[in-house]
Amino acid sequence: METLEFAILDWIQQHLRCDFLDVILPAVSWICNHGEVWIVLAAVLLLRKKERWFGVSVAIALILDLICCNLILKPLVDRVRPFAVNTAVELLTAPPLDASFPSGHTAASFAAVFALKASGSRLWKPALVLAVVIAFSRLYLYVHWPSDVFFGAVLGTALGYAGAWLAGRFRLRLENRN
């Protein structure tokens with residue numbers, strides 16, 4: 001499996017690496033270092049009355065992601081990052097210090113996207129474009145294995161739907177009280 005994953009990462013380095021992406025993709029990755037872009041989106045939606053429940057859905061999904069990805073799975077699996085195995089690769093960003101599996105950037109991004117989709121927001125489509133670019137940036141930057149990114153997308157998708165479902169249940173409870 002590791003051989004296939006290195007083949008994918010090395011193919012990206014050999015065939016897609018260019019000056020333009022060397023500038024753009026570290027910046028795209030940086031906006032999600034701690035989920036910032038998605039936290040800001042959730043906060044903006046929470047401030048807008050018509051979109052408040054979309055924001056609640058995203059916020060819950062991001063909290064679930066933090067717990068599942070960063071507090072449970074990363075320490076449990078404790079997978080070494082590809083740049084630590086192949087030290088010949090030139091990193092374009094500061095090396096992450098936590099474990100590799102799953103990709104937290106990808107999980108948070110897909111959690112936000114699918115919380116938006118499941119709660120009925122039209123913002124999910126442009127958010128999906130950004131999420132895919134963020135996920136790809138993690139491969140381009142050689143900081144995650146392809147399986148880390150794939151599983152991050154799967155996990156994030158599930159947590160996004162869970163966040164929207166929980167927000168919907170919470171909303172029904174509040175509405176039934178009144």
# chains A, B, ... in the order shown; residues from 1 in each chain; ligands from 1

call {"tool": "residues_around", "arguments": {"residues": "range 119-133 of chain A", "least_positions_apart": "4", "cutoff": "7 Å", "atoms": "only C-alpha atoms", "output": "PyMOL selection string"}}
result
chain A and resi 54+57+106+109-110+113-115+137+164

call {"tool": "write_last_selection", "arguments": {"atoms": "all heavy atoms", "output": "tab-separated table (two decimals), in the first residue's frame"}}
result
chain	number	residue	atom	x	y	z
A	54	PHE	N	-27.79	26.92	9.40
A	54	PHE	CA	-26.68	26.39	8.60
A	54	PHE	C	-25.38	26.51	9.41
A	54	PHE	O	-24.56	25.60	9.43
A	54	PHE	CB	-26.52	27.14	7.28
A	54	PHE	CG	-27.73	27.10	6.38
A	54	PHE	CD1	-28.03	28.19	5.58
A	54	PHE	CD2	-28.56	26.00	6.32
A	54	PHE	CE1	-29.13	28.16	4.73
A	54	PHE	CE2	-29.67	25.96	5.48
A	54	PHE	CZ	-29.95	27.06	4.68
A	57	SER	N	-25.24	23.90	12.10
A	57	SER	CA	-24.88	22.61	11.50
A	57	SER	C	-23.37	22.51	11.27
A	57	SER	O	-22.75	21.49	11.61
A	57	SER	CB	-25.60	22.40	10.17
A	57	SER	OG	-26.99	22.30	10.36
A	106	THR	N	-8.67	17.94	5.50
A	106	THR	CA	-9.69	17.36	4.62
A	106	THR	C	-10.95	17.04	5.40
A	106	THR	O	-12.07	17.34	4.94
A	106	THR	CB	-9.14	16.09	3.94
A	106	THR	OG1	-7.93	16.42	3.26
A	106	THR	CG2	-10.14	15.50	2.97
A	109	SER	N	-12.85	20.19	6.24
A	109	SER	CA	-13.42	20.79	5.03
A	109	SER	C	-14.66	20.04	4.57
A	109	SER	O	-15.70	20.64	4.28
A	109	SER	CB	-12.37	20.80	3.91
A	109	SER	OG	-11.27	21.60	4.29
A	110	PHE	N	-14.57	18.71	4.52
A	110	PHE	CA	-15.72	17.93	4.08
A	110	PHE	C	-16.84	17.92	5.12
A	110	PHE	O	-18.02	17.85	4.77
A	110	PHE	CB	-15.29	16.52	3.68
A	110	PHE	CG	-14.72	16.47	2.29
A	110	PHE	CD1	-13.45	16.94	2.01
A	110	PHE	CD2	-15.48	15.99	1.23
A	110	PHE	CE1	-12.93	16.92	0.73
A	110	PHE	CE2	-14.98	15.96	-0.06
A	110	PHE	CZ	-13.70	16.44	-0.32
A	113	VAL	N	-18.66	21.17	4.38
A	113	VAL	CA	-19.39	21.06	3.11
A	113	VAL	C	-20.67	20.26	3.27
A	113	VAL	O	-21.76	20.69	2.86
A	113	VAL	CB	-18.51	20.41	2.01
A	113	VAL	CG1	-19.34	19.99	0.81
A	113	VAL	CG2	-17.40	21.36	1.60
A	114	PHE	N	-20.56	19.09	3.88
A	114	PHE	CA	-21.73	18.22	3.94
A	114	PHE	C	-22.69	18.60	5.05
A	114	PHE	O	-23.87	18.25	4.99
A	114	PHE	CB	-21.31	16.75	3.93
A	114	PHE	CG	-20.84	16.37	2.55
A	114	PHE	CD1	-19.50	16.38	2.22
A	114	PHE	CD2	-21.76	16.10	1.56
A	114	PHE	CE1	-19.07	16.09	0.93
A	114	PHE	CE2	-21.35	15.81	0.26
A	114	PHE	CZ	-20.01	15.81	-0.06
A	115	ALA	N	-22.25	19.38	6.02
A	115	ALA	CA	-23.19	19.99	6.97
A	115	ALA	C	-24.04	21.02	6.22
A	115	ALA	O	-25.26	21.10	6.43
A	115	ALA	CB	-22.45	20.63	8.13
A	137	SER	N	-4.22	19.98	-1.81
A	137	SER	CA	-3.02	20.68	-1.33
A	137	SER	C	-2.23	19.84	-0.35
A	137	SER	O	-1.00	19.91	-0.31
A	137	SER	CB	-3.38	22.03	-0.70
A	137	SER	OG	-3.92	21.87	0.61
A	164	ALA	N	-25.46	18.17	10.79
A	164	ALA	CA	-26.74	18.72	10.31
A	164	ALA	C	-27.90	18.01	10.99
A	164	ALA	O	-28.90	18.64	11.36
A	164	ALA	CB	-26.83	18.59	8.80

call {"tool": "residues_around", "arguments": {"residues": "Arg81 in chain A", "least_positions_apart": "5", "cutoff": "9 Å", "atoms": "only C-alpha atoms", "output": "MDAnalysis selection string"}}
result
chainID A and resid 96 98:101 142:145

call {"tool": "write_last_selection", "arguments": {"atoms": "all heavy atoms", "output": "mmCIF file, in the first residue's frame"}}
result
data_model
loop_
_atom_site.group_PDB
_atom_site.id
_atom_site.type_symbol
_atom_site.label_atom_id
_atom_site.label_comp_id
_atom_site.auth_asym_id
_atom_site.auth_seq_id
_atom_site.Cartn_x
_atom_site.Cartn_y
_atom_site.Cartn_z
ATOM 1 N N PRO A 96 4.049 19.667 9.683
ATOM 2 C CA PRO A 96 3.080 19.454 10.768
ATOM 3 C C PRO A 96 3.688 18.559 11.838
ATOM 4 O O PRO A 96 4.488 17.669 11.535
ATOM 5 C CB PRO A 96 1.910 18.759 10.069
ATOM 6 C CG PRO A 96 2.097 19.011 8.612
ATOM 7 C CD PRO A 96 3.566 19.170 8.403
ATOM 8 N N ASP A 98 1.756 16.863 14.267
ATOM 9 C CA ASP A 98 0.887 15.788 14.722
ATOM 10 C C ASP A 98 0.941 14.608 13.758
ATOM 11 O O ASP A 98 1.652 14.634 12.768
ATOM 12 C CB ASP A 98 -0.542 16.286 14.928
ATOM 13 C CG ASP A 98 -1.178 16.819 13.648
ATOM 14 O OD1 ASP A 98 -0.469 17.046 12.656
ATOM 15 O OD2 ASP A 98 -2.412 17.010 13.651
ATOM 16 N N ALA A 99 0.174 13.585 14.064
ATOM 17 C CA ALA A 99 0.150 12.378 13.231
ATOM 18 C C ALA A 99 -0.559 12.654 11.909
ATOM 19 O O ALA A 99 -1.290 13.640 11.760
ATOM 20 C CB ALA A 99 -0.542 11.253 13.992
ATOM 21 N N SER A 100 -0.358 11.756 10.968
ATOM 22 C CA SER A 100 -0.830 11.960 9.611
ATOM 23 C C SER A 100 -2.264 11.509 9.365
ATOM 24 O O SER A 100 -2.970 12.101 8.560
ATOM 25 C CB SER A 100 0.096 11.222 8.638
ATOM 26 O OG SER A 100 -0.195 11.547 7.310
ATOM 27 N N PHE A 101 -2.708 10.453 10.042
ATOM 28 C CA PHE A 101 -4.010 9.854 9.732
ATOM 29 C C PHE A 101 -5.059 10.208 10.750
ATOM 30 O O PHE A 101 -4.832 10.031 11.943
ATOM 31 C CB PHE A 101 -3.882 8.331 9.682
ATOM 32 C CG PHE A 101 -5.154 7.632 9.322
ATOM 33 C CD1 PHE A 101 -5.476 7.401 8.007
ATOM 34 C CD2 PHE A 101 -6.035 7.220 10.298
ATOM 35 C CE1 PHE A 101 -6.656 6.750 7.660
ATOM 36 C CE2 PHE A 101 -7.211 6.580 9.971
ATOM 37 C CZ PHE A 101 -7.522 6.343 8.647
ATOM 38 N N TYR A 142 2.940 17.145 0.219
ATOM 39 C CA TYR A 142 3.605 15.929 0.685
ATOM 40 C C TYR A 142 3.495 15.748 2.197
ATOM 41 O O TYR A 142 4.360 15.153 2.841
ATOM 42 C CB TYR A 142 5.084 15.932 0.262
ATOM 43 C CG TYR A 142 5.621 14.606 -0.237
ATOM 44 C CD1 TYR A 142 5.546 14.272 -1.576
ATOM 45 C CD2 TYR A 142 6.229 13.707 0.628
ATOM 46 C CE1 TYR A 142 6.068 13.068 -2.047
ATOM 47 C CE2 TYR A 142 6.754 12.507 0.171
ATOM 48 C CZ TYR A 142 6.661 12.188 -1.167
ATOM 49 O OH TYR A 142 7.178 10.998 -1.635
ATOM 50 N N VAL A 143 2.415 16.253 2.777
ATOM 51 C CA VAL A 143 2.255 16.151 4.228
ATOM 52 C C VAL A 143 1.251 15.080 4.639
ATOM 53 O O VAL A 143 1.089 14.805 5.828
ATOM 54 C CB VAL A 143 1.890 17.511 4.870
ATOM 55 C CG1 VAL A 143 3.036 18.497 4.713
ATOM 56 C CG2 VAL A 143 0.611 18.077 4.296
ATOM 57 N N HIS A 144 0.553 14.488 3.650
ATOM 58 C CA HIS A 144 -0.385 13.395 3.930
ATOM 59 C C HIS A 144 -0.282 12.319 2.867
ATOM 60 O O HIS A 144 0.004 12.604 1.705
ATOM 61 C CB HIS A 144 -1.840 13.893 3.941
ATOM 62 C CG HIS A 144 -2.240 14.526 5.221
ATOM 63 N ND1 HIS A 144 -2.363 13.827 6.399
ATOM 64 C CD2 HIS A 144 -2.567 15.803 5.508
ATOM 65 C CE1 HIS A 144 -2.737 14.657 7.355
ATOM 66 N NE2 HIS A 144 -2.857 15.865 6.844
ATOM 67 N N TRP A 145 -0.554 11.116 3.281
ATOM 68 C CA TRP A 145 -0.690 9.986 2.375
ATOM 69 C C TRP A 145 -2.047 10.101 1.687
ATOM 70 O O TRP A 145 -2.998 10.639 2.268
ATOM 71 C CB TRP A 145 -0.623 8.672 3.142
ATOM 72 C CG TRP A 145 0.616 8.484 3.950
ATOM 73 C CD1 TRP A 145 0.775 8.747 5.288
ATOM 74 C CD2 TRP A 145 1.873 7.992 3.490
ATOM 75 N NE1 TRP A 145 2.067 8.445 5.671
ATOM 76 C CE2 TRP A 145 2.752 7.971 4.591
ATOM 77 C CE3 TRP A 145 2.346 7.558 2.248
ATOM 78 C CZ2 TRP A 145 4.061 7.543 4.492
ATOM 79 C CZ3 TRP A 145 3.648 7.120 2.147
ATOM 80 C CH2 TRP A 145 4.495 7.111 3.266
#

call {"tool": "closest_residue", "arguments": {"among": "A:Leu45, A:Leu4, A:Ile60, A:Ile39", "to": "Ala167 in chain A", "atoms": "only C-alpha atoms"}}
result
A:Ile60

call {"tool": "closest_residue", "arguments": {"among": "A:Phe6, A:Trp11, A:Phe20, A:Trp53", "to": "Leu172 in chain A", "atoms": "only C-alpha atoms"}}
result
A:Trp53

call {"tool": "residues_around", "arguments": {"residues": "Leu73 in chain A", "least_positions_apart": "2", "cutoff": "12 Å", "atoms": "only C-alpha atoms", "output": "VMD selection string"}}
result
chain A and resid 65 to 71 75 to 79 98 to 104 107 148 151 to 152 155

call {"tool": "closest_residue", "arguments": {"among": "A:Ala111, A:Pro82, A:Arg52, A:Lys117", "to": "Arg171 in chain A", "atoms": "only C-alpha atoms"}}
result
A:Arg52

call {"tool": "atom_distance", "arguments": {"atom1": "CA of Ile63 in chain A", "atom2": "CA of Ala43 in chain A"}}
result
13.3 Å

call {"tool": "residues_around", "arguments": {"residues": "Pro146 in chain A", "least_positions_apart": "3", "cutoff": "9 Å", "atoms": "only C-alpha atoms", "output": "VMD selection string"}}
result
chain A and resid 5 to 6 8 to 9 138 to 139 149 to 151

call {"tool": "closest_residue", "arguments": {"among": "A:Ala94, A:Leu64, A:Ala27, A:Tyr140", "to": "Thr157 in chain A", "atoms": "only C-alpha atoms"}}
result
A:Leu64

call {"tool": "closest_residue", "arguments": {"among": "A:Trp38, A:Ala118, A:Glu90, A:Leu47", "to": "Tyr161 in chain A", "atoms": "only C-alpha atoms"}}
result
A:Ala118

call {"tool": "closest_residue", "arguments": {"among": "A:Leu97, A:Ala135, A:Leu166, A:Leu92", "to": "Val80 in chain A", "atoms": "only C-alpha atoms"}}
result
A:Leu97

call {"tool": "select_by_dssp", "arguments": {"residues": "chain A", "states": "helix (DSSP H, G or I)", "output": "PDB file with C-alpha atoms, in the first residue's frame"}}
result
ATOM      1  CA  GLU A   2       2.790   2.424   0.904  1.00  0.00           C
ATOM      2  CA  THR A   3       4.402   1.833  -2.500  1.00  0.00           C
ATOM      3  CA  LEU A   4       1.190   2.855  -4.284  1.00  0.00           C
ATOM      4  CA  GLU A   5       0.802   5.898  -2.062  1.00  0.00           C
ATOM      5  CA  PHE A   6       4.377   7.000  -2.712  1.00  0.00           C
ATOM      6  CA  ALA A   7       3.777   6.502  -6.436  1.00  0.00           C
ATOM      7  CA  ILE A   8       0.821   8.898  -6.283  1.00  0.00           C
ATOM      8  CA  LEU A   9       2.671  11.496  -4.204  1.00  0.00           C
ATOM      9  CA  ASP A  10       5.777  11.279  -6.363  1.00  0.00           C
ATOM     10  CA  TRP A  11       3.724  11.547  -9.565  1.00  0.00           C
ATOM     11  CA  ILE A  12       2.190  14.770  -8.244  1.00  0.00           C
ATOM     12  CA  GLN A  13       5.667  16.091  -7.447  1.00  0.00           C
ATOM     13  CA  GLN A  14       7.071  15.155 -10.853  1.00  0.00           C
ATOM     14  CA  HIS A  15       4.167  16.154 -13.092  1.00  0.00           C
ATOM     15  CA  ASP A  19       5.931  27.826  -9.371  1.00  0.00           C
ATOM     16  CA  PHE A  20       2.279  28.916  -9.475  1.00  0.00           C
ATOM     17  CA  LEU A  21       1.018  25.986  -7.370  1.00  0.00           C
ATOM     18  CA  ASP A  22       4.064  26.278  -5.093  1.00  0.00           C
ATOM     19  CA  VAL A  23       2.657  29.678  -4.064  1.00  0.00           C
ATOM     20  CA  ILE A  24      -1.095  29.007  -4.201  1.00  0.00           C
ATOM     21  CA  LEU A  25      -1.408  25.612  -2.522  1.00  0.00           C
ATOM     22  CA  PRO A  26       0.529  26.419   0.672  1.00  0.00           C
ATOM     23  CA  ALA A  27      -1.736  29.468   1.061  1.00  0.00           C
ATOM     24  CA  VAL A  28      -4.871  27.391   0.453  1.00  0.00           C
ATOM     25  CA  SER A  29      -3.688  24.830   2.979  1.00  0.00           C
ATOM     26  CA  TRP A  30      -2.822  27.565   5.485  1.00  0.00           C
ATOM     27  CA  GLU A  36     -10.111  28.717  10.342  1.00  0.00           C
ATOM     28  CA  VAL A  37     -11.906  29.192   7.023  1.00  0.00           C
ATOM     29  CA  TRP A  38     -14.734  26.890   8.136  1.00  0.00           C
ATOM     30  CA  ILE A  39     -14.927  28.392  11.626  1.00  0.00           C
ATOM     31  CA  VAL A  40     -15.241  31.868  10.092  1.00  0.00           C
ATOM     32  CA  LEU A  41     -17.936  30.573   7.727  1.00  0.00           C
ATOM     33  CA  ALA A  42     -19.870  29.059  10.644  1.00  0.00           C
ATOM     34  CA  ALA A  43     -19.560  32.319  12.613  1.00  0.00           C
ATOM     35  CA  VAL A  44     -20.786  34.432   9.684  1.00  0.00           C
ATOM     36  CA  LEU A  45     -23.743  32.106   9.158  1.00  0.00           C
ATOM     37  CA  LEU A  46     -24.555  32.183  12.868  1.00  0.00           C
ATOM     38  CA  LEU A  47     -24.702  35.988  12.728  1.00  0.00           C
ATOM     39  CA  LYS A  49     -30.682  35.187  11.073  1.00  0.00           C
ATOM     40  CA  LYS A  50     -31.832  33.509   7.832  1.00  0.00           C
ATOM     41  CA  GLU A  51     -28.765  31.261   7.774  1.00  0.00           C
ATOM     42  CA  ARG A  52     -28.271  30.677  11.490  1.00  0.00           C
ATOM     43  CA  TRP A  53     -29.151  26.976  11.398  1.00  0.00           C
ATOM     44  CA  PHE A  54     -26.680  26.392   8.598  1.00  0.00           C
ATOM     45  CA  GLY A  55     -24.052  27.879  10.906  1.00  0.00           C
ATOM     46  CA  VAL A  56     -25.175  25.651  13.775  1.00  0.00           C
ATOM     47  CA  SER A  57     -24.879  22.605  11.500  1.00  0.00           C
ATOM     48  CA  VAL A  58     -21.351  23.556  10.429  1.00  0.00           C
ATOM     49  CA  ALA A  59     -20.286  24.355  14.000  1.00  0.00           C
ATOM     50  CA  ILE A  60     -21.530  21.014  15.319  1.00  0.00           C
ATOM     51  CA  ALA A  61     -19.859  19.160  12.436  1.00  0.00           C
ATOM     52  CA  LEU A  62     -16.553  20.911  13.169  1.00  0.00           C
ATOM     53  CA  ILE A  63     -16.783  20.049  16.868  1.00  0.00           C
ATOM     54  CA  LEU A  64     -17.461  16.409  15.985  1.00  0.00           C
ATOM     55  CA  ASP A  65     -14.485  16.524  13.609  1.00  0.00           C
ATOM     56  CA  LEU A  66     -12.201  17.948  16.282  1.00  0.00           C
ATOM     57  CA  ILE A  67     -13.162  15.148  18.677  1.00  0.00           C
ATOM     58  CA  CYS A  68     -13.048  12.259  16.204  1.00  0.00           C
ATOM     59  CA  CYS A  69     -10.068  13.315  14.117  1.00  0.00           C
ATOM     60  CA  ASN A  70      -7.727  15.229  16.384  1.00  0.00           C
ATOM     61  CA  LEU A  71      -8.520  13.827  19.815  1.00  0.00           C
ATOM     62  CA  ILE A  72      -9.251  10.180  18.977  1.00  0.00           C
ATOM     63  CA  LEU A  73      -7.995   8.963  15.583  1.00  0.00           C
ATOM     64  CA  LYS A  74      -4.718  10.859  15.135  1.00  0.00           C
ATOM     65  CA  PRO A  75      -3.302   9.811  18.542  1.00  0.00           C
ATOM     66  CA  LEU A  76      -4.723   6.285  18.216  1.00  0.00           C
ATOM     67  CA  VAL A  77      -3.340   5.560  14.729  1.00  0.00           C
ATOM     68  CA  PRO A  82       5.203  10.843   4.120  1.00  0.00           C
ATOM     69  CA  PHE A  83       7.817  13.636   4.231  1.00  0.00           C
ATOM     70  CA  ALA A  84       9.290  11.982   7.320  1.00  0.00           C
ATOM     71  CA  VAL A  85       9.760   8.742   5.358  1.00  0.00           C
ATOM     72  CA  GLY A 104      -7.598  16.980   9.558  1.00  0.00           C
ATOM     73  CA  HIS A 105      -7.692  19.658   6.871  1.00  0.00           C
ATOM     74  CA  THR A 106      -9.686  17.359   4.625  1.00  0.00           C
ATOM     75  CA  ALA A 107     -11.980  16.074   7.369  1.00  0.00           C
ATOM     76  CA  ALA A 108     -12.847  19.581   8.581  1.00  0.00           C
ATOM     77  CA  SER A 109     -13.418  20.790   5.029  1.00  0.00           C
ATOM     78  CA  PHE A 110     -15.724  17.927   4.078  1.00  0.00           C
ATOM     79  CA  ALA A 111     -17.526  18.151   7.428  1.00  0.00           C
ATOM     80  CA  ALA A 112     -18.369  21.795   6.698  1.00  0.00           C
ATOM     81  CA  VAL A 113     -19.392  21.064   3.108  1.00  0.00           C
ATOM     82  CA  PHE A 114     -21.728  18.215   3.937  1.00  0.00           C
ATOM     83  CA  ALA A 115     -23.187  19.987   6.966  1.00  0.00           C
ATOM     84  CA  LEU A 116     -24.136  22.758   4.539  1.00  0.00           C
ATOM     85  CA  LYS A 117     -25.511  20.296   1.991  1.00  0.00           C
ATOM     86  CA  ALA A 118     -27.497  18.259   4.514  1.00  0.00           C
ATOM     87  CA  SER A 119     -28.986  21.372   6.100  1.00  0.00           C
ATOM     88  CA  TRP A 124     -22.213  23.649  -0.242  1.00  0.00           C
ATOM     89  CA  LYS A 125     -21.239  23.722  -3.928  1.00  0.00           C
ATOM     90  CA  PRO A 126     -18.613  26.503  -3.750  1.00  0.00           C
ATOM     91  CA  ALA A 127     -17.514  25.104  -0.391  1.00  0.00           C
ATOM     92  CA  LEU A 128     -16.974  21.714  -2.048  1.00  0.00           C
ATOM     93  CA  VAL A 129     -14.663  23.271  -4.625  1.00  0.00           C
ATOM     94  CA  LEU A 130     -12.572  24.815  -1.852  1.00  0.00           C
ATOM     95  CA  ALA A 131     -12.612  21.550   0.143  1.00  0.00           C
ATOM     96  CA  VAL A 132     -11.313  19.559  -2.830  1.00  0.00           C
ATOM     97  CA  VAL A 133      -8.510  22.075  -3.410  1.00  0.00           C
ATOM     98  CA  ILE A 134      -7.602  21.969   0.288  1.00  0.00           C
ATOM     99  CA  ALA A 135      -7.547  18.160   0.200  1.00  0.00           C
ATOM    100  CA  PHE A 136      -5.380  18.153  -2.929  1.00  0.00           C
ATOM    101  CA  SER A 137      -3.019  20.685  -1.334  1.00  0.00           C
ATOM    102  CA  ARG A 138      -2.219  18.177   1.403  1.00  0.00           C
ATOM    103  CA  LEU A 139      -1.007  15.700  -1.222  1.00  0.00           C
ATOM    104  CA  TYR A 140       0.816  18.359  -3.232  1.00  0.00           C
ATOM    105  CA  PRO A 146      -3.494   9.615  -0.188  1.00  0.00           C
ATOM    106  CA  SER A 147      -5.324   7.237   2.169  1.00  0.00           C
ATOM    107  CA  ASP A 148      -5.190   9.922   4.905  1.00  0.00           C
ATOM    108  CA  VAL A 149      -6.900  12.366   2.571  1.00  0.00           C
ATOM    109  CA  PHE A 150      -9.422   9.792   1.319  1.00  0.00           C
ATOM    110  CA  PHE A 151     -10.376   8.738   4.838  1.00  0.00           C
ATOM    111  CA  GLY A 152     -10.491  12.383   5.940  1.00  0.00           C
ATOM    112  CA  ALA A 153     -13.033  13.047   3.182  1.00  0.00           C
ATOM    113  CA  VAL A 154     -15.125  10.020   4.170  1.00  0.00           C
ATOM    114  CA  LEU A 155     -14.976  10.892   7.868  1.00  0.00           C
ATOM    115  CA  GLY A 156     -15.740  14.552   7.209  1.00  0.00           C
ATOM    116  CA  THR A 157     -18.710  13.663   5.020  1.00  0.00           C
ATOM    117  CA  ALA A 158     -20.190  11.454   7.736  1.00  0.00           C
ATOM    118  CA  LEU A 159     -19.569  14.088  10.418  1.00  0.00           C
ATOM    119  CA  GLY A 160     -21.112  16.797   8.236  1.00  0.00           C
ATOM    120  CA  TYR A 161     -24.308  14.815   7.897  1.00  0.00           C
ATOM    121  CA  ALA A 162     -24.216  14.047  11.629  1.00  0.00           C
ATOM    122  CA  GLY A 163     -23.753  17.727  12.456  1.00  0.00           C
ATOM    123  CA  ALA A 164     -26.738  18.717  10.313  1.00  0.00           C
ATOM    124  CA  TRP A 165     -28.845  15.939  11.827  1.00  0.00           C
ATOM    125  CA  LEU A 166     -27.963  17.003  15.379  1.00  0.00           C
ATOM    126  CA  ALA A 167     -28.652  20.655  14.552  1.00  0.00           C
ATOM    127  CA  GLY A 168     -32.019  19.652  13.120  1.00  0.00           C
ATOM    128  CA  ARG A 169     -32.891  17.679  16.265  1.00  0.00           C
ATOM    129  CA  PHE A 170     -31.849  20.622  18.436  1.00  0.00           C
ATOM    130  CA  ARG A 171     -33.950  23.001  16.311  1.00  0.00           C
ATOM    131  CA  LEU A 172     -37.025  20.762  16.619  1.00  0.00           C
ATOM    132  CA  ARG A 173     -36.628  20.648  20.400  1.00  0.00           C
ATOM    133  CA  LEU A 174     -36.402  24.423  20.570  1.00  0.00           C
ATOM    134  CA  GLU A 175     -39.409  24.896  18.295  1.00  0.00           C
ATOM    135  CA  ASN A 176     -41.483  22.359  20.291  1.00  0.00           C
ATOM    136  CA  ARG A 177     -40.758  24.257  23.508  1.00  0.00           C
TER     137      ARG A 177
END
